[in-house]
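These notes concern the structure reproduced below.
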Amino acid sequence: MLNILYTLIIYPIQQIIELCYYFTLRVFDNPALALLGVSAAVSICTLPLYFRAEHWQALERDTQKRLAPKIAKIKAAFKGDEQYMILTTYYRQNHYHPVYALRNSLGVLIQIPFFIAAYHYLSHLDALRGVHFLGISDLSVPDALIPFAGRINVLPLLMTGINIVSGAIYTRGFPLKDKIQLYGMAAIFLVLLYNSPAGLVLYWTANNVFSLIKNILQKIPHSRKIVFAGLALLIIAADIFLFFFHPGDLPNRLLAMALFTGMGALPLIPRLVKAICVPARFLPFRVFMLSTFALFLLLGIVIPSQLIASSVAEFSFIDSLTTPFPFILRTALQTAGILLWVTALYFLFSPLVKQSLTLILLIVSVLALSCVFFVSEDFGFITNTLVFSDPKPFGANRLSAAISIALCVIIPAALLILYIRKKQAVLHFLQVVICIALACVSVVHLTAIGRDFSIASAKKEIGAGASFEPVYQFSKNGNNVLLIMLDCIVGAYVPYVFEERPDLLDTFAPFTWYPNTVSFANHTLVGALPVYGGYEYTPKAINTRLDTTLLDKQKEAYLFLPAIFADAGFAATVTDPPFDNFQMSNLSIFVADPRIHAENVNGKYTALWMQNHPEINAISISDLLNKKLIRFSFFNAFPLFLRSFIYDDGEWLMLKDHSAGEITPTILNDYAFLDILPYITAIHDDDPAYISLYSHLPHTTTFLQPPGYTPAQTITNRGAGILKDDSRYHMTMASFIMLHKWFAFMKEHGVYDNTRIILVSDHGRGNTDYLGNITLPDGGKLQSYNALLMVKDFDAKDGDALTVDTSFMTNADAALFAALGIAEKNPFTGKALEPDKADGVDITTIDALSTYRHSKYGYNIGDNDWLHVHDNIFDPVNWNAATETQ
């Protein structure tokens, strides 16, 4: 019961706090400033609520003051039941009831749910761990600033002092009991928060500062105009900062600006409604309730049940839950809680605000319904952790984008016309039809879930559940080429891997390792193109060729090897290419060539993998779904141009938790993908195969459980090697162990010897001093550019150890190794396939930026953003700033 009440009352406020923290953290990139930003945002958003509460409190004080003399006379003259009867009559004559006295505590009562929500969220916020602010060393624990008698926490005392001053100003001229009430609350908050994390106390202290400012302003003339003028200036300043100075992506910055500006325009809505509203046009309460009920059905039941009904087995038997119905119930309760607060606001405010809320809710309910059923986009499959395989930005599908924009214009306009023309009967009929339709759809979905769950349960009992489908096809008769791009693996890790696990040499001994390999960037967006396309797609080469757009050159790089092998009669398969999908789907570039089979596999079989590995209880999928399903509902109900913002690369506007030993859904998908490779591999006697797969696992930074380096919620030990405390090494070990299993599978089925295998990374990462990690001329570290390159050619002979070749190499050589003996020219430019490193290579140190943030024909790389290296990359003498070589 308490959990239900918490979800209905506290959860909506906690979501507001969480979203405010998330946005301000993204803007300022500072957890402490984000806390202050949350305080400011919540204080500003609740200003109308406090103004209304103070109106009711003032009304109650005036009423009590007016009635007090007569009440005193009655109490003096009468006793017992007679006094009660006369007072009751007197109250009734003055349209008053003693329960109205609670209005005097409305301001305090409003603080309680906000305090509980902030306490619950900020007290458990891992992002505050180790964060410094002024003299406070760690915001996740009490401040303990004064080293006296076991250390004294200063922030709670400061908070209480500000609260008392604010209360003294606010209660000037008030009765004594009102003052006692406020001072008593200040004392209670001191007791509750004295030993709380400094971050929580900082947030509440900032709230008290804003309350103090508000109370001071209220004591001067035209206080509300001053407040709103100040807010307008604050919004303008925020917009200027976001547009001109913030380094984030422009679409997100514009959206944040629109959000800030929209919040500032909210007080104008009642005035707009007043301009078009006359009593004859007043919408009755039933319109508000029908809109609320429609949104409840849509967000709380229809959308989550539709998702679960699409794959009931995937959402069943998760953690301790058997059926998927608890996920729908939780989402319904969360939706009800949000709408309950909206209903409370309706009853709290004036008739004009009630009309504004009714009209807004009417428009939102119809628009949300239209977006769900008329605006669709193919984002690929979705995992049970709510990660899309092929997310697309707004504009990828022009028809859907046009429909979305049209709905945002037509629906509000149509409803406003009906409202202005007093067509209330039409609006009422429309709402009734919508509610009945949504109720029917809900019943259909819930019935389908119940039916499919019965089938899934029966299959589970006989062990006949879902199964893996072949993705990679190897030929026994022809030669196969396998290119594996392992994101972010450092080449210098290789000897440590085999020192710890010499048994891996059973499949890796035929490889040649090139330790002296450099990448062309320290991130994927620039560093991956040479891996897939060779030397014509290095950053220098791309900026030299100005007859082709940057986007087209990127497409060429990713199509380079598949096109070469398809022309040579190979069956070409590409999975999960790391294409810059801020521009478009990462699979769309392969659609034009039907000879290339391209799909996203990462995450597709994670649910099945987890069912087959119940011993790996790394994350709670049920907790993730309980948090994310409501956001998935809003995702579907929002216009298309907001969906990619809400999806937030699979994070759903939630903070990432990278604490040690923490396994995220992304890491689990990455790990499961490599582990299932033998199960999604088929052997045949047909055409030779070219296979390109991408693994994101080494890019992540979480510790795994040795010796198998498996995911776990709690890591009991980190191993015994020299790199045991390097989380990237843990991911590298896991990658090699799972690739070893796959290669052993290939050996067993006779397709290992006839397969050329290239292991390569797009860049390195890290700052491990005992890996020959020299400092570069720009102050960076070599480890960020020391790429992995290992090659096993056809029929390579087994040995006792790796073959080591210290020749100067780059990761662009991976594409040349793959195409060796298959093609001699670039199919797009006609140039010969040959290395361009005789005099060394130029690499770039720019940050990872999406394509649209560069120029049309090349990368935006400044003169000081180049480095030149030649021969031995581990010798600092061989590195120079590019300007020194010009």
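By order of appearance in the structure tokens: chains A, B, ..., then residues from 1 within every chain, and ligands from 1 in the order shown.
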
Contacts of His763 of chain A within 9 Å, only C-alpha atoms, excl. fewer than 5 positions in-chain, as a PyMOL selection string
chain A and resi 487-490+518-524+527-528+783-788+811

Write the residues you've just listed into a file as a short mmCIF file (atom, residue, chain, number, x, y, z; two decimals), in the first residue's frame, and include all heavy atoms for each of them.
```cif
data_model
loop_
_atom_site.label_atom_id
_atom_site.label_comp_id
_atom_site.auth_asym_id
_atom_site.auth_seq_id
_atom_site.Cartn_x
_atom_site.Cartn_y
_atom_site.Cartn_z
N ASP A 487 36.23 -2.10 -30.73
CA ASP A 487 36.30 -0.68 -30.43
C ASP A 487 37.17 -0.41 -29.20
O ASP A 487 36.95 -0.96 -28.12
CB ASP A 487 34.89 -0.15 -30.18
CG ASP A 487 34.79 1.36 -30.25
OD1 ASP A 487 35.81 2.03 -29.99
OD2 ASP A 487 33.72 1.87 -30.59
N CYS A 488 38.19 0.43 -29.39
CA CYS A 488 38.94 1.01 -28.27
C CYS A 488 39.96 0.07 -27.62
O CYS A 488 40.53 0.40 -26.60
CB CYS A 488 37.96 1.51 -27.21
SG CYS A 488 38.63 2.74 -26.08
N ILE A 489 40.24 -1.08 -28.20
CA ILE A 489 41.25 -1.96 -27.60
C ILE A 489 42.64 -1.36 -27.83
O ILE A 489 42.97 -0.93 -28.94
CB ILE A 489 41.17 -3.38 -28.18
CG1 ILE A 489 40.08 -4.17 -27.47
CG2 ILE A 489 42.50 -4.11 -28.01
CD1 ILE A 489 40.06 -5.64 -27.77
N VAL A 490 43.45 -1.35 -26.80
CA VAL A 490 44.82 -0.86 -26.87
C VAL A 490 45.72 -2.01 -27.32
O VAL A 490 45.71 -3.10 -26.73
CB VAL A 490 45.28 -0.32 -25.51
CG1 VAL A 490 46.73 0.15 -25.58
CG2 VAL A 490 44.37 0.81 -25.06
N VAL A 518 49.44 2.44 -35.17
CA VAL A 518 48.87 3.70 -34.73
C VAL A 518 47.51 3.91 -35.40
O VAL A 518 47.28 3.46 -36.52
CB VAL A 518 49.82 4.89 -35.05
CG1 VAL A 518 49.89 5.16 -36.55
CG2 VAL A 518 49.41 6.15 -34.29
N SER A 519 46.61 4.59 -34.69
CA SER A 519 45.31 4.96 -35.26
C SER A 519 45.36 6.43 -35.68
O SER A 519 46.26 7.18 -35.28
CB SER A 519 44.19 4.74 -34.25
OG SER A 519 44.38 5.58 -33.13
N PHE A 520 44.38 6.85 -36.47
CA PHE A 520 44.38 8.20 -37.02
C PHE A 520 43.59 9.20 -36.17
O PHE A 520 43.54 10.38 -36.51
CB PHE A 520 43.83 8.18 -38.44
CG PHE A 520 44.77 7.54 -39.43
CD1 PHE A 520 44.74 6.18 -39.65
CD2 PHE A 520 45.72 8.30 -40.09
CE1 PHE A 520 45.61 5.58 -40.54
CE2 PHE A 520 46.61 7.70 -40.98
CZ PHE A 520 46.56 6.34 -41.21
N ALA A 521 42.96 8.72 -35.11
CA ALA A 521 42.21 9.59 -34.18
C ALA A 521 42.04 8.81 -32.89
O ALA A 521 42.35 7.62 -32.81
CB ALA A 521 40.86 9.98 -34.77
N ASN A 522 41.56 9.49 -31.88
CA ASN A 522 41.35 8.82 -30.59
C ASN A 522 39.87 8.56 -30.32
O ASN A 522 39.44 8.46 -29.18
CB ASN A 522 41.97 9.62 -29.45
CG ASN A 522 41.35 11.00 -29.30
OD1 ASN A 522 40.45 11.37 -30.06
ND2 ASN A 522 41.83 11.77 -28.34
N HIS A 523 39.09 8.46 -31.39
CA HIS A 523 37.66 8.17 -31.27
C HIS A 523 37.17 7.52 -32.55
O HIS A 523 37.85 7.52 -33.58
CB HIS A 523 36.86 9.44 -30.97
CG HIS A 523 37.14 10.56 -31.92
ND1 HIS A 523 36.56 10.65 -33.17
CD2 HIS A 523 37.96 11.64 -31.82
CE1 HIS A 523 36.99 11.74 -33.79
NE2 HIS A 523 37.86 12.35 -32.99
N THR A 524 35.95 6.99 -32.50
CA THR A 524 35.42 6.16 -33.58
C THR A 524 35.00 6.97 -34.79
O THR A 524 35.21 6.54 -35.93
CB THR A 524 34.22 5.33 -33.06
OG1 THR A 524 34.66 4.54 -31.97
CG2 THR A 524 33.66 4.43 -34.15
N GLY A 527 38.24 7.73 -36.46
CA GLY A 527 39.19 6.62 -36.47
C GLY A 527 38.72 5.37 -37.16
O GLY A 527 39.54 4.53 -37.56
N ALA A 528 37.40 5.18 -37.32
CA ALA A 528 36.90 3.93 -37.91
C ALA A 528 36.97 3.93 -39.43
O ALA A 528 37.08 2.86 -40.05
CB ALA A 528 35.45 3.69 -37.47
N GLN A 783 48.78 5.85 -25.62
CA GLN A 783 47.83 4.76 -25.46
C GLN A 783 46.49 5.05 -26.17
O GLN A 783 45.79 4.13 -26.58
CB GLN A 783 47.58 4.50 -23.98
CG GLN A 783 46.83 3.21 -23.69
CD GLN A 783 46.82 2.89 -22.22
OE1 GLN A 783 47.70 3.30 -21.49
NE2 GLN A 783 45.81 2.15 -21.78
N SER A 784 46.15 6.30 -26.32
CA SER A 784 44.90 6.65 -27.00
C SER A 784 44.97 6.39 -28.50
O SER A 784 43.94 6.35 -29.18
CB SER A 784 44.55 8.13 -26.76
OG SER A 784 44.26 8.34 -25.39
N TYR A 785 46.20 6.24 -29.03
CA TYR A 785 46.37 6.06 -30.48
C TYR A 785 47.04 4.73 -30.82
O TYR A 785 47.27 4.45 -32.00
CB TYR A 785 47.21 7.21 -31.05
CG TYR A 785 46.60 8.57 -30.81
CD1 TYR A 785 46.94 9.32 -29.69
CD2 TYR A 785 45.67 9.09 -31.69
CE1 TYR A 785 46.38 10.56 -29.44
CE2 TYR A 785 45.10 10.34 -31.47
CZ TYR A 785 45.46 11.07 -30.35
OH TYR A 785 44.88 12.28 -30.12
N ASN A 786 47.35 3.90 -29.82
CA ASN A 786 48.01 2.61 -30.08
C ASN A 786 46.93 1.57 -30.37
O ASN A 786 46.36 0.96 -29.47
CB ASN A 786 48.85 2.20 -28.87
CG ASN A 786 49.54 0.87 -29.06
OD1 ASN A 786 49.87 0.20 -28.09
ND2 ASN A 786 49.79 0.46 -30.29
N ALA A 787 46.62 1.37 -31.65
CA ALA A 787 45.52 0.49 -32.06
C ALA A 787 45.96 -0.97 -32.07
O ALA A 787 47.14 -1.29 -32.18
CB ALA A 787 45.02 0.90 -33.44
N LEU A 788 44.97 -1.84 -31.96
CA LEU A 788 45.18 -3.28 -32.10
C LEU A 788 45.21 -3.64 -33.58
O LEU A 788 44.39 -3.15 -34.37
CB LEU A 788 44.04 -4.04 -31.41
CG LEU A 788 43.98 -5.54 -31.68
CD1 LEU A 788 45.10 -6.26 -30.94
CD2 LEU A 788 42.61 -6.10 -31.28
N ASN A 811 46.07 1.37 -38.49
CA ASN A 811 44.88 0.52 -38.58
C ASN A 811 44.23 0.59 -39.95
O ASN A 811 43.33 -0.20 -40.25
CB ASN A 811 43.88 0.83 -37.47
CG ASN A 811 43.45 2.28 -37.42
OD1 ASN A 811 43.88 3.10 -38.24
ND2 ASN A 811 42.61 2.61 -36.45
#
```

Which parts of segment 302-431 of chain A does DSSP call alpha helix (DSSP H) when run on the backbone here, written out as a PyMOL selection string?
chain A and resi 303-310+325-348+351-374+398-420+424-431

Of A:Thr755, A:Gln705, A:Thr606, A:Thr331, the one sitting nearest Ile4 of chain A when using only C-alpha atoms is A:Thr331

Just the residues within 8 Å of segment 818-831 of chain A, please, counting only C-alpha atoms, with nothing from its chain fewer than 5 positions along; format it as an MDAnalysis selection string.
chainID A and resid 481:483 556 560:561 563:565 568 756 758

Include N, CA and C atoms and write out the residues we just selected as a PDB file, in the first residue's frame.
```pdb
ATOM      1  N   VAL A 481      36.743 -14.342 -45.411  1.00  0.00           N
ATOM      2  CA  VAL A 481      37.468 -13.218 -44.816  1.00  0.00           C
ATOM      3  C   VAL A 481      36.608 -12.646 -43.694  1.00  0.00           C
ATOM      4  N   LEU A 482      37.179 -12.554 -42.513  1.00  0.00           N
ATOM      5  CA  LEU A 482      36.471 -12.080 -41.326  1.00  0.00           C
ATOM      6  C   LEU A 482      37.201 -10.870 -40.754  1.00  0.00           C
ATOM      7  N   LEU A 483      36.533  -9.729 -40.756  1.00  0.00           N
ATOM      8  CA  LEU A 483      37.084  -8.497 -40.185  1.00  0.00           C
ATOM      9  C   LEU A 483      36.326  -8.175 -38.904  1.00  0.00           C
ATOM     10  N   GLU A 556      31.320   5.755 -48.576  1.00  0.00           N
ATOM     11  CA  GLU A 556      32.269   4.984 -49.375  1.00  0.00           C
ATOM     12  C   GLU A 556      33.127   4.079 -48.486  1.00  0.00           C
ATOM     13  N   PHE A 560      33.223   0.134 -48.864  1.00  0.00           N
ATOM     14  CA  PHE A 560      34.452  -0.215 -49.573  1.00  0.00           C
ATOM     15  C   PHE A 560      34.677  -1.732 -49.613  1.00  0.00           C
ATOM     16  N   LEU A 561      34.829  -2.376 -48.463  1.00  0.00           N
ATOM     17  CA  LEU A 561      35.113  -3.811 -48.433  1.00  0.00           C
ATOM     18  C   LEU A 561      33.912  -4.665 -48.836  1.00  0.00           C
ATOM     19  N   ALA A 563      31.590  -3.999 -50.939  1.00  0.00           N
ATOM     20  CA  ALA A 563      31.446  -3.905 -52.402  1.00  0.00           C
ATOM     21  C   ALA A 563      32.542  -4.701 -53.102  1.00  0.00           C
ATOM     22  N   ILE A 564      33.774  -4.621 -52.604  1.00  0.00           N
ATOM     23  CA  ILE A 564      34.885  -5.365 -53.203  1.00  0.00           C
ATOM     24  C   ILE A 564      34.608  -6.871 -53.171  1.00  0.00           C
ATOM     25  N   PHE A 565      34.178  -7.352 -52.023  1.00  0.00           N
ATOM     26  CA  PHE A 565      33.955  -8.794 -51.895  1.00  0.00           C
ATOM     27  C   PHE A 565      32.702  -9.242 -52.642  1.00  0.00           C
ATOM     28  N   ALA A 568      33.588  -9.752 -56.079  1.00  0.00           N
ATOM     29  CA  ALA A 568      34.421 -10.947 -56.255  1.00  0.00           C
ATOM     30  C   ALA A 568      33.640 -12.238 -56.023  1.00  0.00           C
ATOM     31  N   ARG A 756      40.583 -15.983 -43.439  1.00  0.00           N
ATOM     32  CA  ARG A 756      41.502 -14.892 -43.080  1.00  0.00           C
ATOM     33  C   ARG A 756      40.799 -14.037 -42.024  1.00  0.00           C
ATOM     34  N   ILE A 758      41.072 -10.710 -39.422  1.00  0.00           N
ATOM     35  CA  ILE A 758      41.745  -9.461 -39.038  1.00  0.00           C
ATOM     36  C   ILE A 758      41.074  -8.922 -37.790  1.00  0.00           C
TER      37      ILE A 758
END
```

For a test of reading the model, state the distance in Å between atom CA of Met257 of chain A and atom CA of Gly37 of chain A, rounded to one decimal.
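Interatomic distance here is 15.1 Å.
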